[in-house]
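So this one's upload.csv, CSV, C-alpha atoms:
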chain,number,residue,atom,x,y,z
J,392,MET,CA,-15.1,33.3,73.7
J,393,LYS,CA,-18.4,34.6,72.5
J,394,THR,CA,-16.6,37.2,70.5
J,395,TRP,CA,-14.6,34.7,68.6
J,396,ILE,CA,-17.7,32.6,67.9
J,397,GLN,CA,-19.4,35.6,66.4
J,398,ILE,CA,-16.4,36.5,64.2
J,399,SER,CA,-16.1,33.0,63.1
J,400,ILE,CA,-19.7,32.8,62.0
J,401,VAL,CA,-19.3,36.0,60.0
J,402,ILE,CA,-16.1,34.9,58.3
J,403,CYS,CA,-17.5,31.5,57.6
J,404,THR,CA,-20.6,33.1,56.0
J,405,PHE,CA,-18.3,35.0,53.6
J,406,LEU,CA,-16.2,31.9,52.9
J,407,LEU,CA,-19.2,29.7,52.2
J,408,LEU,CA,-21.0,32.0,49.9
J,409,PRO,CA,-19.0,31.3,46.7
J,410,VAL,CA,-19.3,27.6,47.2
J,411,GLN,CA,-23.0,27.7,47.4
J,412,GLN,CA,-23.4,29.4,44.1
J,413,GLY,CA,-23.5,27.8,40.6
J,414,LYS,CA,-20.9,25.3,39.6
J,415,ALA,CA,-19.2,24.9,36.2
J,416,GLN,CA,-16.8,22.3,35.1
J,417,VAL,CA,-14.5,22.6,32.1
J,418,HIS,CA,-12.9,19.6,30.5
J,419,THR,CA,-10.0,20.7,28.3
J,420,THR,CA,-8.0,18.1,26.4
J,421,ILE,CA,-5.2,18.6,23.9
J,422,GLU,CA,-5.1,17.1,20.5
J,423,VAL,CA,-2.0,15.0,19.9
J,424,SER,CA,-0.5,13.8,16.7
J,425,ALA,CA,2.1,11.5,15.3
J,426,SER,CA,3.5,11.1,11.8
J,427,ALA,CA,4.7,8.2,9.7
J,428,MET,CA,6.9,7.9,6.7
J,429,LEU,CA,5.5,6.9,3.3
J,430,SER,CA,7.7,5.1,0.8
J,431,VAL,CA,7.7,3.0,-2.3
J,432,ASN,CA,10.4,1.3,-4.3
J,433,ILE,CA,10.1,1.8,-8.0
J,434,VAL,CA,12.0,-0.7,-10.1
J,435,VAL,CA,12.7,-0.9,-13.8
J,436,PRO,CA,10.1,-2.5,-15.9
J,437,ILE,CA,10.6,-6.1,-17.1
J,438,ALA,CA,11.9,-6.2,-20.7
J,439,ALA,CA,12.5,-9.0,-23.2
J,440,ARG,CA,13.9,-9.3,-26.7
J,441,GLU,CA,14.2,-12.2,-29.0
J,442,THR,CA,17.8,-13.3,-29.5
J,443,SER,CA,17.2,-16.4,-31.6
J,444,SER,CA,14.2,-17.4,-33.7
J,445,LEU,CA,12.4,-20.7,-33.3
J,446,ASN,CA,13.4,-22.5,-36.4
J,447,PHE,CA,12.5,-26.1,-37.4
J,448,GLY,CA,15.1,-26.2,-40.2
J,449,ARG,CA,14.8,-28.2,-43.4
J,450,PHE,CA,13.0,-31.5,-43.6
J,451,TYR,CA,11.2,-33.9,-45.8
J,452,PRO,CA,7.6,-34.7,-44.6
J,453,GLY,CA,7.4,-38.2,-46.1
J,454,THR,CA,4.2,-39.6,-47.4
J,455,SER,CA,2.1,-39.3,-44.2
J,456,GLY,CA,3.8,-36.4,-42.4
J,457,GLY,CA,4.5,-36.4,-38.7
J,458,SER,CA,6.1,-33.9,-36.3
J,459,ILE,CA,9.4,-32.3,-35.5
J,460,THR,CA,10.1,-31.3,-31.9
J,461,VAL,CA,12.7,-28.7,-31.0
J,462,LYS,CA,13.4,-28.8,-27.3
J,463,PRO,CA,14.5,-25.7,-25.5
J,464,ASN,CA,18.0,-27.0,-25.2
J,465,GLY,CA,18.1,-27.4,-29.0
J,466,ASN,CA,17.7,-31.1,-29.2
J,467,VAL,CA,15.6,-32.2,-32.2
J,468,SER,CA,13.4,-35.3,-32.6
J,469,THR,CA,10.9,-36.4,-35.3
J,470,THR,CA,8.0,-38.8,-35.6
J,471,ALA,CA,6.5,-40.8,-38.4
J,472,GLY,CA,8.1,-40.3,-41.8
J,473,VAL,CA,9.6,-36.9,-41.2
J,474,VAL,CA,13.3,-36.8,-42.2
J,475,ILE,CA,15.5,-33.9,-41.1
J,476,ALA,CA,17.7,-32.6,-43.9
J,477,PRO,CA,21.1,-31.1,-43.1
J,478,SER,CA,20.1,-27.9,-41.4
J,479,ALA,CA,20.3,-26.2,-38.1
J,480,PRO,CA,17.0,-26.2,-36.2
J,481,THR,CA,17.2,-23.8,-33.3
J,482,ALA,CA,15.2,-23.2,-30.2
J,483,GLY,CA,13.8,-19.8,-29.6
J,484,SER,CA,15.8,-17.6,-27.2
J,485,PHE,CA,14.9,-14.4,-25.3
J,486,ALA,CA,16.9,-12.1,-23.1
J,487,VAL,CA,14.8,-11.1,-20.2
J,488,SER,CA,15.8,-8.2,-18.0
J,489,GLY,CA,14.4,-6.3,-15.0
J,490,GLN,CA,14.7,-6.1,-11.2
J,491,GLY,CA,17.1,-8.6,-9.8
J,492,ASP,CA,15.5,-11.5,-8.0
J,493,ALA,CA,12.0,-10.4,-8.9
J,494,THR,CA,9.6,-13.2,-9.8
J,495,TYR,CA,7.9,-13.2,-13.1
J,496,ALA,CA,5.6,-15.4,-15.2
J,497,ILE,CA,6.3,-16.7,-18.7
J,498,ASN,CA,3.0,-16.6,-20.5
J,499,LEU,CA,3.2,-19.0,-23.5
J,500,PRO,CA,0.8,-19.0,-26.5
J,501,LYS,CA,-2.6,-20.2,-25.5
J,502,GLY,CA,-3.0,-22.1,-28.8
J,503,PRO,CA,-1.0,-23.2,-31.8
J,504,ALA,CA,0.8,-20.8,-34.0
J,505,ILE,CA,0.0,-21.1,-37.7
J,506,LEU,CA,2.7,-21.2,-40.3
J,507,THR,CA,1.8,-20.3,-43.8
J,508,ASN,CA,3.6,-20.9,-47.1
J,509,LEU,CA,4.6,-18.0,-49.3
J,510,ASP,CA,1.5,-18.1,-51.5
J,511,GLY,CA,-0.7,-18.5,-48.4
J,512,THR,CA,-2.3,-21.7,-49.5
J,513,LYS,CA,-0.9,-24.2,-47.1
J,514,THR,CA,-0.4,-24.2,-43.4
J,515,MET,CA,1.2,-26.0,-40.5
J,516,GLU,CA,0.7,-25.7,-36.8
J,517,VAL,CA,3.2,-25.3,-33.9
J,518,ASP,CA,2.2,-26.2,-30.4
J,519,ASP,CA,3.4,-27.9,-27.2
J,520,TRP,CA,5.3,-24.9,-26.1
J,521,VAL,CA,7.9,-25.4,-23.4
J,522,THR,CA,10.6,-23.2,-21.9
J,523,ILE,CA,13.8,-23.3,-19.9
J,524,PRO,CA,13.5,-22.2,-17.2
J,525,GLU,CA,10.1,-23.8,-16.8
J,526,ASN,CA,7.2,-21.6,-16.1
J,527,GLY,CA,6.4,-24.0,-13.2
J,528,ASP,CA,4.1,-22.4,-10.7
J,529,ALA,CA,4.2,-19.2,-12.9
J,530,LYS,CA,6.9,-17.7,-10.7
J,531,VAL,CA,10.3,-17.6,-12.3
J,532,ARG,CA,13.0,-15.8,-10.4
J,533,LEU,CA,15.0,-13.2,-12.4
J,534,GLU,CA,18.3,-14.0,-10.9
J,535,GLY,CA,20.8,-11.1,-11.3
J,536,GLY,CA,18.3,-9.1,-13.2
J,537,ILE,CA,19.0,-10.7,-16.5
J,538,GLN,CA,18.1,-14.1,-17.8
J,539,THR,CA,18.0,-16.2,-20.9
J,540,VAL,CA,14.7,-18.0,-21.6
J,541,LEU,CA,14.8,-20.8,-24.2
J,542,LEU,CA,11.7,-21.9,-26.0
J,543,GLY,CA,10.9,-25.2,-27.7
J,544,ALA,CA,7.8,-26.5,-29.5
J,545,THR,CA,6.5,-29.1,-31.9
J,546,LEU,CA,5.7,-28.6,-35.5
J,547,ARG,CA,2.9,-30.7,-37.0
J,548,VAL,CA,3.6,-31.6,-40.5
J,549,GLY,CA,1.1,-33.0,-43.0
J,550,SER,CA,1.8,-35.2,-46.0
J,551,LEU,CA,3.7,-33.9,-49.0
J,552,ASP,CA,0.4,-33.0,-50.6
J,553,GLU,CA,-0.8,-31.1,-47.6
J,554,ASN,CA,2.5,-29.4,-47.1
J,555,PRO,CA,4.4,-29.1,-50.3
J,556,LYS,CA,7.9,-27.8,-50.3
J,557,GLY,CA,8.5,-24.1,-49.5
J,558,LEU,CA,9.1,-21.7,-46.8
J,559,TYR,CA,6.5,-21.6,-44.1
J,560,THR,CA,6.5,-18.7,-41.6
J,561,GLY,CA,4.3,-17.5,-38.8
J,562,SER,CA,4.5,-15.7,-35.4
J,563,TYR,CA,3.6,-16.4,-31.9
J,564,GLU,CA,3.3,-14.3,-28.7
J,565,ILE,CA,5.1,-14.9,-25.5
J,566,THR,CA,5.0,-12.5,-22.6
J,567,PHE,CA,7.0,-12.0,-19.5
J,568,ALA,CA,5.3,-10.2,-16.6
J,569,TYR,CA,6.3,-9.5,-13.0
J,570,ASN,CA,4.1,-11.3,-10.5
P,1297,MET,CA,-17.9,42.3,74.5
P,1298,ASN,CA,-18.1,45.8,73.1
P,1299,THR,CA,-15.2,45.0,71.0
P,1300,SER,CA,-16.8,42.0,69.5
P,1301,ILE,CA,-20.0,43.8,68.7
P,1302,LYS,CA,-18.1,46.6,67.0
P,1303,LEU,CA,-16.1,44.1,64.9
P,1304,CYS,CA,-19.2,42.3,63.8
P,1305,ALA,CA,-21.0,45.5,62.9
P,1306,LEU,CA,-18.0,46.5,60.9
P,1307,LEU,CA,-17.9,43.3,59.0
P,1308,PHE,CA,-21.6,43.4,58.2
P,1309,PHE,CA,-21.2,47.0,57.1
P,1310,LEU,CA,-18.4,46.2,54.8
P,1311,ALA,CA,-20.3,43.3,53.4
P,1312,GLY,CA,-23.3,45.5,52.7
P,1313,PHE,CA,-21.2,48.3,51.3
P,1314,GLY,CA,-19.6,45.9,48.9
P,1315,VAL,CA,-22.9,44.7,47.6
P,1316,GLN,CA,-24.1,48.2,47.1
P,1317,VAL,CA,-21.0,49.4,45.3
P,1318,ASN,CA,-20.9,46.5,42.9
P,1319,ALA,CA,-24.5,47.1,42.1
P,1320,GLN,CA,-24.7,44.6,39.3
P,1321,SER,CA,-25.9,41.2,40.2
P,1322,THR,CA,-23.0,39.3,41.5
P,1323,ALA,CA,-22.8,35.6,40.9
P,1324,TYR,CA,-20.4,33.4,42.6
P,1325,ALA,CA,-19.1,30.5,40.5
P,1326,SER,CA,-16.7,27.8,41.3
P,1327,THR,CA,-14.4,26.5,38.7
P,1328,SER,CA,-13.1,23.0,38.8
P,1329,VAL,CA,-10.8,21.1,36.6
P,1330,VAL,CA,-11.0,17.3,36.2
P,1331,LEU,CA,-7.6,15.9,35.5
P,1332,ILE,CA,-7.7,12.8,33.3
P,1333,THR,CA,-5.0,10.7,31.7
P,1334,PRO,CA,-3.9,12.6,28.6
P,1335,ILE,CA,-4.4,10.9,25.2
P,1336,ALA,CA,-1.2,9.9,23.4
P,1337,ILE,CA,-0.3,8.6,20.0
P,1338,THR,CA,2.7,6.7,19.0
P,1339,LYS,CA,3.7,5.5,15.6
P,1340,THR,CA,4.4,1.8,15.5
P,1341,SER,CA,4.7,1.1,11.7
P,1342,GLU,CA,5.6,3.2,8.7
P,1343,MET,CA,3.6,3.2,5.5
P,1344,HIS,CA,5.3,1.3,2.6
P,1345,PHE,CA,3.7,0.6,-0.7
P,1346,GLY,CA,6.2,-2.2,-1.6
P,1347,THR,CA,8.1,-2.7,-4.8
P,1348,VAL,CA,6.5,-1.4,-7.9
P,1349,ALA,CA,7.3,-1.2,-11.6
P,1350,ALA,CA,6.0,1.7,-13.7
P,1351,SER,CA,5.0,1.5,-17.3
P,1352,GLY,CA,4.1,3.9,-20.1
P,1353,THR,CA,0.7,4.3,-18.4
P,1354,GLN,CA,-0.1,6.0,-15.1
P,1355,GLY,CA,-1.3,3.5,-12.5
P,1356,THR,CA,-2.3,3.2,-8.9
P,1357,ILE,CA,-1.3,1.0,-6.0
P,1358,ILE,CA,-3.9,0.3,-3.3
P,1359,LEU,CA,-2.4,-0.4,0.1
P,1360,SER,CA,-4.9,-2.2,2.4
P,1361,TYR,CA,-5.3,-2.3,6.2
P,1362,ASN,CA,-3.8,-5.8,6.3
P,1363,SER,CA,-0.6,-4.6,4.6
P,1364,THR,CA,-1.2,-6.0,1.2
P,1365,ALA,CA,-0.7,-4.0,-1.9
P,1366,ALA,CA,-2.8,-4.5,-5.1
P,1367,VAL,CA,-2.9,-2.8,-8.4
P,1368,GLY,CA,-5.7,-0.4,-8.7
P,1369,THR,CA,-5.8,1.1,-12.2
P,1370,GLY,CA,-3.5,1.6,-15.1
P,1371,GLY,CA,0.0,0.5,-15.7
P,1372,ALA,CA,1.6,0.0,-12.3
P,1373,THR,CA,2.8,-3.5,-11.5
P,1374,ILE,CA,3.6,-5.0,-8.1
P,1375,VAL,CA,7.0,-6.7,-8.1
P,1376,ASN,CA,7.9,-9.5,-5.7
P,1377,ALA,CA,11.6,-9.0,-5.5
P,1378,GLY,CA,12.3,-10.1,-1.9
P,1379,GLY,CA,12.6,-6.5,-0.6
P,1380,ALA,CA,10.6,-4.7,2.0
P,1381,GLU,CA,7.0,-5.9,2.2
P,1382,PRO,CA,4.1,-3.6,1.8
P,1383,SER,CA,3.0,-2.2,5.2
P,1384,ALA,CA,0.0,-0.1,6.4
P,1385,ALA,CA,0.9,2.7,8.8
P,1386,LYS,CA,0.1,1.9,12.4
P,1387,PHE,CA,-0.3,4.0,15.5
P,1388,LEU,CA,-0.9,3.1,19.1
P,1389,ILE,CA,-3.4,5.3,21.0
P,1390,THR,CA,-3.3,5.3,24.8
P,1391,GLY,CA,-5.2,7.3,27.4
P,1392,ARG,CA,-8.2,6.7,29.7
P,1393,VAL,CA,-9.5,3.3,29.0
P,1394,GLY,CA,-13.1,3.3,27.7
P,1395,ASP,CA,-13.0,6.8,26.4
P,1396,THR,CA,-13.8,7.5,22.7
P,1397,PHE,CA,-11.4,9.5,20.6
P,1398,SER,CA,-11.6,11.1,17.2
P,1399,ILE,CA,-9.1,10.5,14.3
P,1400,ALA,CA,-8.1,13.1,11.8
P,1401,LEU,CA,-6.1,12.0,8.7
P,1402,PRO,CA,-4.6,14.2,6.0
P,1403,THR,CA,-7.2,15.2,3.5
P,1404,ASP,CA,-4.7,16.4,0.9
P,1405,ASP,CA,-2.4,14.3,-1.1
P,1406,VAL,CA,1.1,13.7,0.3
P,1407,ILE,CA,3.9,13.9,-2.1
P,1408,LEU,CA,6.6,11.3,-2.1
P,1409,THR,CA,9.9,12.5,-3.6
P,1410,GLY,CA,12.6,10.5,-5.3
P,1411,THR,CA,15.5,11.1,-7.5
P,1412,THR,CA,13.4,12.8,-10.1
P,1413,ASP,CA,9.7,13.7,-10.0
P,1414,GLY,CA,7.4,13.0,-7.1
P,1415,MET,CA,4.3,10.9,-6.8
P,1416,LYS,CA,1.2,11.3,-4.8
P,1417,ALA,CA,-0.3,9.3,-2.0
P,1418,GLY,CA,-3.8,10.0,-0.8
P,1419,THR,CA,-7.3,8.7,0.1
P,1420,PHE,CA,-6.1,7.8,3.5
P,1421,ARG,CA,-8.5,5.9,5.7
P,1422,ALA,CA,-8.3,4.4,9.2
P,1423,SER,CA,-9.3,1.1,10.7
P,1424,VAL,CA,-9.6,0.5,14.5
P,1425,ASP,CA,-9.8,-2.9,15.9
P,1426,GLY,CA,-10.9,-4.4,12.6
P,1427,THR,CA,-13.6,-1.8,11.9
P,1428,ASN,CA,-12.7,-0.1,8.7
P,1429,ASP,CA,-13.0,3.4,7.4
P,1430,VAL,CA,-13.8,5.0,10.8
P,1431,THR,CA,-13.1,8.4,12.3
P,1432,THR,CA,-13.5,7.4,16.0
P,1433,GLY,CA,-12.3,4.7,18.3
P,1434,ILE,CA,-12.3,3.6,21.9
P,1435,ILE,CA,-9.3,3.3,24.0
P,1436,SER,CA,-8.8,-0.2,25.3
P,1437,GLU,CA,-6.6,-1.6,28.0
P,1438,GLY,CA,-3.0,-1.5,26.7
P,1439,GLY,CA,-3.9,0.9,24.0
P,1440,THR,CA,-5.8,0.8,20.7
P,1441,THR,CA,-4.1,0.4,17.3
P,1442,ILE,CA,-5.1,2.4,14.3
P,1443,SER,CA,-4.2,1.1,10.9
P,1444,VAL,CA,-4.0,3.6,8.0
P,1445,LYS,CA,-4.3,2.7,4.4
P,1446,GLY,CA,-3.8,4.8,1.3
P,1447,ILE,CA,-3.6,4.9,-2.5
P,1448,LEU,CA,-0.4,5.7,-4.4
P,1449,THR,CA,-0.4,7.1,-7.9
P,1450,VAL,CA,2.5,6.0,-10.0
P,1451,PRO,CA,3.2,8.3,-12.9
P,1452,ALA,CA,3.8,6.9,-16.4
P,1453,ASN,CA,7.5,6.0,-16.9
P,1454,ALA,CA,8.5,6.8,-13.3
P,1455,ILE,CA,12.2,6.4,-12.9
P,1456,ALA,CA,13.4,3.5,-10.7
P,1457,GLY,CA,14.4,4.5,-7.2
P,1458,THR,CA,13.1,5.0,-3.7
P,1459,TYR,CA,10.4,7.6,-3.3
P,1460,ALA,CA,9.5,8.8,0.3
P,1461,ASN,CA,8.0,11.4,2.5
P,1462,ALA,CA,9.5,11.4,5.9
P,1463,ASN,CA,6.7,12.9,8.1
P,1464,GLN,CA,3.7,14.2,6.4
P,1465,LEU,CA,1.4,11.3,7.0
P,1466,ILE,CA,0.1,13.0,10.2
P,1467,VAL,CA,-2.5,11.4,12.3
P,1468,LYS,CA,-4.2,13.5,15.0
P,1469,VAL,CA,-6.3,12.1,17.8
P,1470,ASN,CA,-8.3,13.7,20.6
P,1471,TYR,CA,-10.8,12.7,23.2
P,1472,ASN,CA,-14.4,13.2,22.0

Mind turning the file's structure into structure tokens?
Amino acid sequence: MKTWIQISIVICTFLLLPVQQGKAQVHTTIEVSASAMLSVNIVVPIAARETSSLNFGRFYPGTSGGSITVKPNGNVSTTAGVVIAPSAPTAGSFAVSGQGDATYAINLPKGPAILTNLDGTKTMEVDDWVTIPENGDAKVRLEGGIQTVLLGATLRVGSLDENPKGLYTGSYEITFAYN
Amino acid sequence: MNTSIKLCALLFFLAGFGVQVNAQSTAYASTSVVLITPIAITKTSEMHFGTVAASGTQGTIILSYNSTAAVGTGGATIVNAGGAEPSAAKFLITGRVGDTFSIALPTDDVILTGTTDGMKAGTFRASVDGTNDVTTGIISEGGTTISVKGILTVPANAIAGTYANANQLIVKVNYN
């Protein structure tokens, strides 16, 4: 019995030695990763071309002048003494194309367009721009990727002295932009 | 009794002999390993810059953490055509709750390829729990979500089509 006690003490001494010495802990973790796809849909730019000019036709201004309104649907009306002569006023028309069902804004002229006669001495103004489809909340849907936009406006005509007969021309800017 | 004395003497002798032979100072060290819940990352949302129209001028599209796209510079235009909405990439990080972790994003541009030329995406940044532009986070109960944003460069006159890169937006995480 005593023999075994002695042996046990010796063996235990050897077994305990390593434990009583310094300690070290190593924390090893492994980096992990994941990946994601990146993508974008590129669509064709929006484009527009004029297919019909805004034309107020031929008229007689009368003694006091007045106005001529061409609506987007082509209907024409006048005020005061303006008398329409046999002619064919036309609304402006644009072919707009781009990504189907995209929304876009129609940006009308911010002010009146100025029409000037051939010798540059007399002018008239065009304002009250309006379109079909209406610009509404500035989001027109480009159904099917191509659309006709019709434009109407009102021409302000002076008296015969202010606007003698002749051809008056001018330009305006209308833009179409995705939004 | 004699047998036990001899055995003990032999053991002590061997012990002493061992020390003398090794000569060098011998240190006993214990090695322990602490097993912890491994960190893991799972993609939960791809990165999509939305629908964009190019123009004659190069432009950039900035994708935000909240999955909105905005025009940065130049001639790119965001198009609302009812298709896939813009989306920031998202990843779920799981592991030991309360531990901090590091986030590593691509530092180089990633090329998206389409039917013709490619285009670059870069300037990737991460947001964790509403804190933007960070490189570390803390694992919370149920996991922590990382949102990743970036900037896309749209070349001038880019041809219409889908441009993509399947797997190079790589996000690496590790315990700090």

Can I get the residues of chain P within 8 Å of chain J, each with the closest pair of atoms and their distance in Å to one decimal, using all atoms listed in the file, sorted chain first then ascending number, as JSON lines?
{"residue": "P:Met1297", "atom": "CA", "partner": "J:Thr394", "partner_atom": "CA", "distance": 6.6}
{"residue": "P:Thr1299", "atom": "CA", "partner": "J:Thr394", "partner_atom": "CA", "distance": 7.9}
{"residue": "P:Ser1300", "atom": "CA", "partner": "J:Thr394", "partner_atom": "CA", "distance": 4.9}
{"residue": "P:Ile1301", "atom": "CA", "partner": "J:Thr394", "partner_atom": "CA", "distance": 7.6}
{"residue": "P:Leu1303", "atom": "CA", "partner": "J:Ile398", "partner_atom": "CA", "distance": 7.6}
{"residue": "P:Cys1304", "atom": "CA", "partner": "J:Ile398", "partner_atom": "CA", "distance": 6.5}
{"residue": "P:Leu1307", "atom": "CA", "partner": "J:Val401", "partner_atom": "CA", "distance": 7.5}
{"residue": "P:Phe1308", "atom": "CA", "partner": "J:Val401", "partner_atom": "CA", "distance": 8.0}
{"residue": "P:Ala1323", "atom": "CA", "partner": "J:Gln412", "partner_atom": "CA", "distance": 7.0}
{"residue": "P:Tyr1324", "atom": "CA", "partner": "J:Pro409", "partner_atom": "CA", "distance": 4.8}
{"residue": "P:Ala1325", "atom": "CA", "partner": "J:Gly413", "partner_atom": "CA", "distance": 5.2}
{"residue": "P:Ser1326", "atom": "CA", "partner": "J:Lys414", "partner_atom": "CA", "distance": 5.2}
{"residue": "P:Thr1327", "atom": "CA", "partner": "J:Ala415", "partner_atom": "CA", "distance": 5.6}
{"residue": "P:Ser1328", "atom": "CA", "partner": "J:Gln416", "partner_atom": "CA", "distance": 5.3}
{"residue": "P:Val1329", "atom": "CA", "partner": "J:Val417", "partner_atom": "CA", "distance": 6.0}
{"residue": "P:Val1330", "atom": "CA", "partner": "J:His418", "partner_atom": "CA", "distance": 6.4}
{"residue": "P:Pro1334", "atom": "CA", "partner": "J:Thr420", "partner_atom": "CA", "distance": 7.2}
{"residue": "P:Ile1335", "atom": "CA", "partner": "J:Val423", "partner_atom": "CA", "distance": 7.1}
{"residue": "P:Ala1336", "atom": "CA", "partner": "J:Val423", "partner_atom": "CA", "distance": 6.2}
{"residue": "P:Ile1337", "atom": "CA", "partner": "J:Ala425", "partner_atom": "CA", "distance": 6.0}
{"residue": "P:Thr1338", "atom": "CA", "partner": "J:Ala425", "partner_atom": "CA", "distance": 6.1}
{"residue": "P:Lys1339", "atom": "CA", "partner": "J:Ala425", "partner_atom": "CA", "distance": 6.2}
{"residue": "P:Ser1341", "atom": "CA", "partner": "J:Ala427", "partner_atom": "CA", "distance": 7.4}
{"residue": "P:Glu1342", "atom": "CA", "partner": "J:Ala427", "partner_atom": "CA", "distance": 5.2}
{"residue": "P:Met1343", "atom": "CA", "partner": "J:Leu429", "partner_atom": "CA", "distance": 4.7}
{"residue": "P:His1344", "atom": "CA", "partner": "J:Ser430", "partner_atom": "CA", "distance": 4.8}
{"residue": "P:Phe1345", "atom": "CA", "partner": "J:Val431", "partner_atom": "CA", "distance": 4.9}
{"residue": "P:Gly1346", "atom": "CA", "partner": "J:Val431", "partner_atom": "CA", "distance": 5.5}
{"residue": "P:Thr1347", "atom": "CA", "partner": "J:Asn432", "partner_atom": "CA", "distance": 4.6}
{"residue": "P:Val1348", "atom": "CA", "partner": "J:Ile433", "partner_atom": "CA", "distance": 4.8}
{"residue": "P:Ala1349", "atom": "CA", "partner": "J:Val434", "partner_atom": "CA", "distance": 5.0}
{"residue": "P:Ala1350", "atom": "CA", "partner": "J:Pro436", "partner_atom": "CA", "distance": 6.3}
{"residue": "P:Ser1351", "atom": "CA", "partner": "J:Pro436", "partner_atom": "CA", "distance": 6.6}
{"residue": "P:Thr1373", "atom": "CA", "partner": "J:Tyr569", "partner_atom": "CA", "distance": 7.1}
{"residue": "P:Ile1374", "atom": "CA", "partner": "J:Asn570", "partner_atom": "CA", "distance": 6.8}
{"residue": "P:Val1375", "atom": "CA", "partner": "J:Tyr569", "partner_atom": "CA", "distance": 5.7}
{"residue": "P:Asn1376", "atom": "CA", "partner": "J:Ala493", "partner_atom": "CA", "distance": 5.3}
{"residue": "P:Ala1377", "atom": "CA", "partner": "J:Ala493", "partner_atom": "CA", "distance": 3.7}
{"residue": "P:Gly1378", "atom": "CA", "partner": "J:Ala493", "partner_atom": "CA", "distance": 7.0}
{"residue": "P:Ala1385", "atom": "CA", "partner": "J:Ala427", "partner_atom": "CA", "distance": 6.7}
{"residue": "P:Phe1387", "atom": "CA", "partner": "J:Ala425", "partner_atom": "CA", "distance": 7.9}
{"residue": "P:Leu1408", "atom": "CA", "partner": "J:Ser430", "partner_atom": "CA", "distance": 6.9}
{"residue": "P:Ala1454", "atom": "CA", "partner": "J:Ile433", "partner_atom": "CA", "distance": 7.5}
{"residue": "P:Ile1455", "atom": "CA", "partner": "J:Ile433", "partner_atom": "CA", "distance": 7.0}
{"residue": "P:Ala1456", "atom": "CA", "partner": "J:Val434", "partner_atom": "CA", "distance": 4.5}
{"residue": "P:Gly1457", "atom": "CA", "partner": "J:Ile433", "partner_atom": "CA", "distance": 5.1}
{"residue": "P:Thr1458", "atom": "CA", "partner": "J:Asn432", "partner_atom": "CA", "distance": 4.6}
{"residue": "P:Tyr1459", "atom": "CA", "partner": "J:Val431", "partner_atom": "CA", "distance": 5.4}
{"residue": "P:Ala1460", "atom": "CA", "partner": "J:Ser430", "partner_atom": "CA", "distance": 4.1}
{"residue": "P:Asn1461", "atom": "CA", "partner": "J:Leu429", "partner_atom": "CA", "distance": 5.2}
{"residue": "P:Ala1462", "atom": "CA", "partner": "J:Met428", "partner_atom": "CA", "distance": 4.4}
{"residue": "P:Asn1463", "atom": "CA", "partner": "J:Met428", "partner_atom": "CA", "distance": 5.2}
{"residue": "P:Gln1464", "atom": "CA", "partner": "J:Ser426", "partner_atom": "CA", "distance": 6.2}
{"residue": "P:Leu1465", "atom": "CA", "partner": "J:Ser426", "partner_atom": "CA", "distance": 5.2}
{"residue": "P:Ile1466", "atom": "CA", "partner": "J:Ser426", "partner_atom": "CA", "distance": 4.2}
{"residue": "P:Val1467", "atom": "CA", "partner": "J:Ser424", "partner_atom": "CA", "distance": 5.4}
{"residue": "P:Lys1468", "atom": "CA", "partner": "J:Ser424", "partner_atom": "CA", "distance": 4.1}
{"residue": "P:Val1469", "atom": "CA", "partner": "J:Val423", "partner_atom": "CA", "distance": 5.6}
{"residue": "P:Asn1470", "atom": "CA", "partner": "J:Glu422", "partner_atom": "CA", "distance": 4.7}
{"residue": "P:Tyr1471", "atom": "CA", "partner": "J:Thr420", "partner_atom": "CA", "distance": 6.9}

As a check of understanding: the span from atom CA of P:Val1450 to atom CA of P:Arg1421 is 19.2 Å

### Query
Smallest atom-to-atom distance to P:Asn1428: which of P:Ala1372, P:Ile1447, P:Ile1442, P:Leu1359, using all atoms listed in the file?
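That would be P:Ile1442, the residue with the smallest distance to P:Asn1428.
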
One decimal place gives the atom CA of P:Thr1449-atom CA of P:Gly1426 separation as 25.7 Å

Exercise. For P:Lys1416, which residue out of P:Gly1352, P:Ile1399, P:Pro1451, P:Gly1439 is the nearest one, using only C-alpha atoms?
Worked result: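 That would be P:Pro1451, the residue with the smallest distance to P:Lys1416.
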
For stretch 506-509 of chain J, what centre and edge lengths in Å (one decimal) does the axis-aligned box get once 3 Å is added on each side of all its listed atoms, as AutoDock Vina command-line options?
--center_x 3.2 --center_y -19.6 --center_z -44.8 --size_x 8.8 --size_y 9.2 --size_z 15.0

Requested in this report: Using all atoms listed in the file, pick whichever of J:Ser562, J:Thr481, J:Thr512, J:Thr470 has the shortest atom-to-atom distance to J:Leu445.
Outcome: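 Of J:Ser562, J:Thr481, J:Thr512, J:Thr470, the one nearest J:Leu445, counting all atoms listed in the file, is J:Thr481.
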
Write out N, CA and C atoms for stretch 1400-1404 of chain P, as a short mmCIF file (atom, residue, chain, number, x, y, z; two decimals), in the frame of the given file.
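The resulting file, out_32.cif, is reproduced below:
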data_model
loop_
_atom_site.label_atom_id
_atom_site.label_comp_id
_atom_site.auth_asym_id
_atom_site.auth_seq_id
_atom_site.Cartn_x
_atom_site.Cartn_y
_atom_site.Cartn_z
N ALA P 1400 -8.15 12.16 12.95
CA ALA P 1400 -8.10 13.10 11.80
C ALA P 1400 -6.87 12.68 10.95
N LEU P 1401 -7.13 12.41 9.68
CA LEU P 1401 -6.10 12.00 8.70
C LEU P 1401 -5.87 13.14 7.72
N PRO P 1402 -4.74 13.14 7.02
CA PRO P 1402 -4.60 14.20 6.00
C PRO P 1402 -5.65 14.04 4.92
N THR P 1403 -6.19 15.17 4.56
CA THR P 1403 -7.20 15.20 3.50
C THR P 1403 -6.60 15.51 2.16
N ASP P 1404 -5.44 16.09 2.18
CA ASP P 1404 -4.70 16.40 0.90
C ASP P 1404 -3.76 15.28 0.60
#
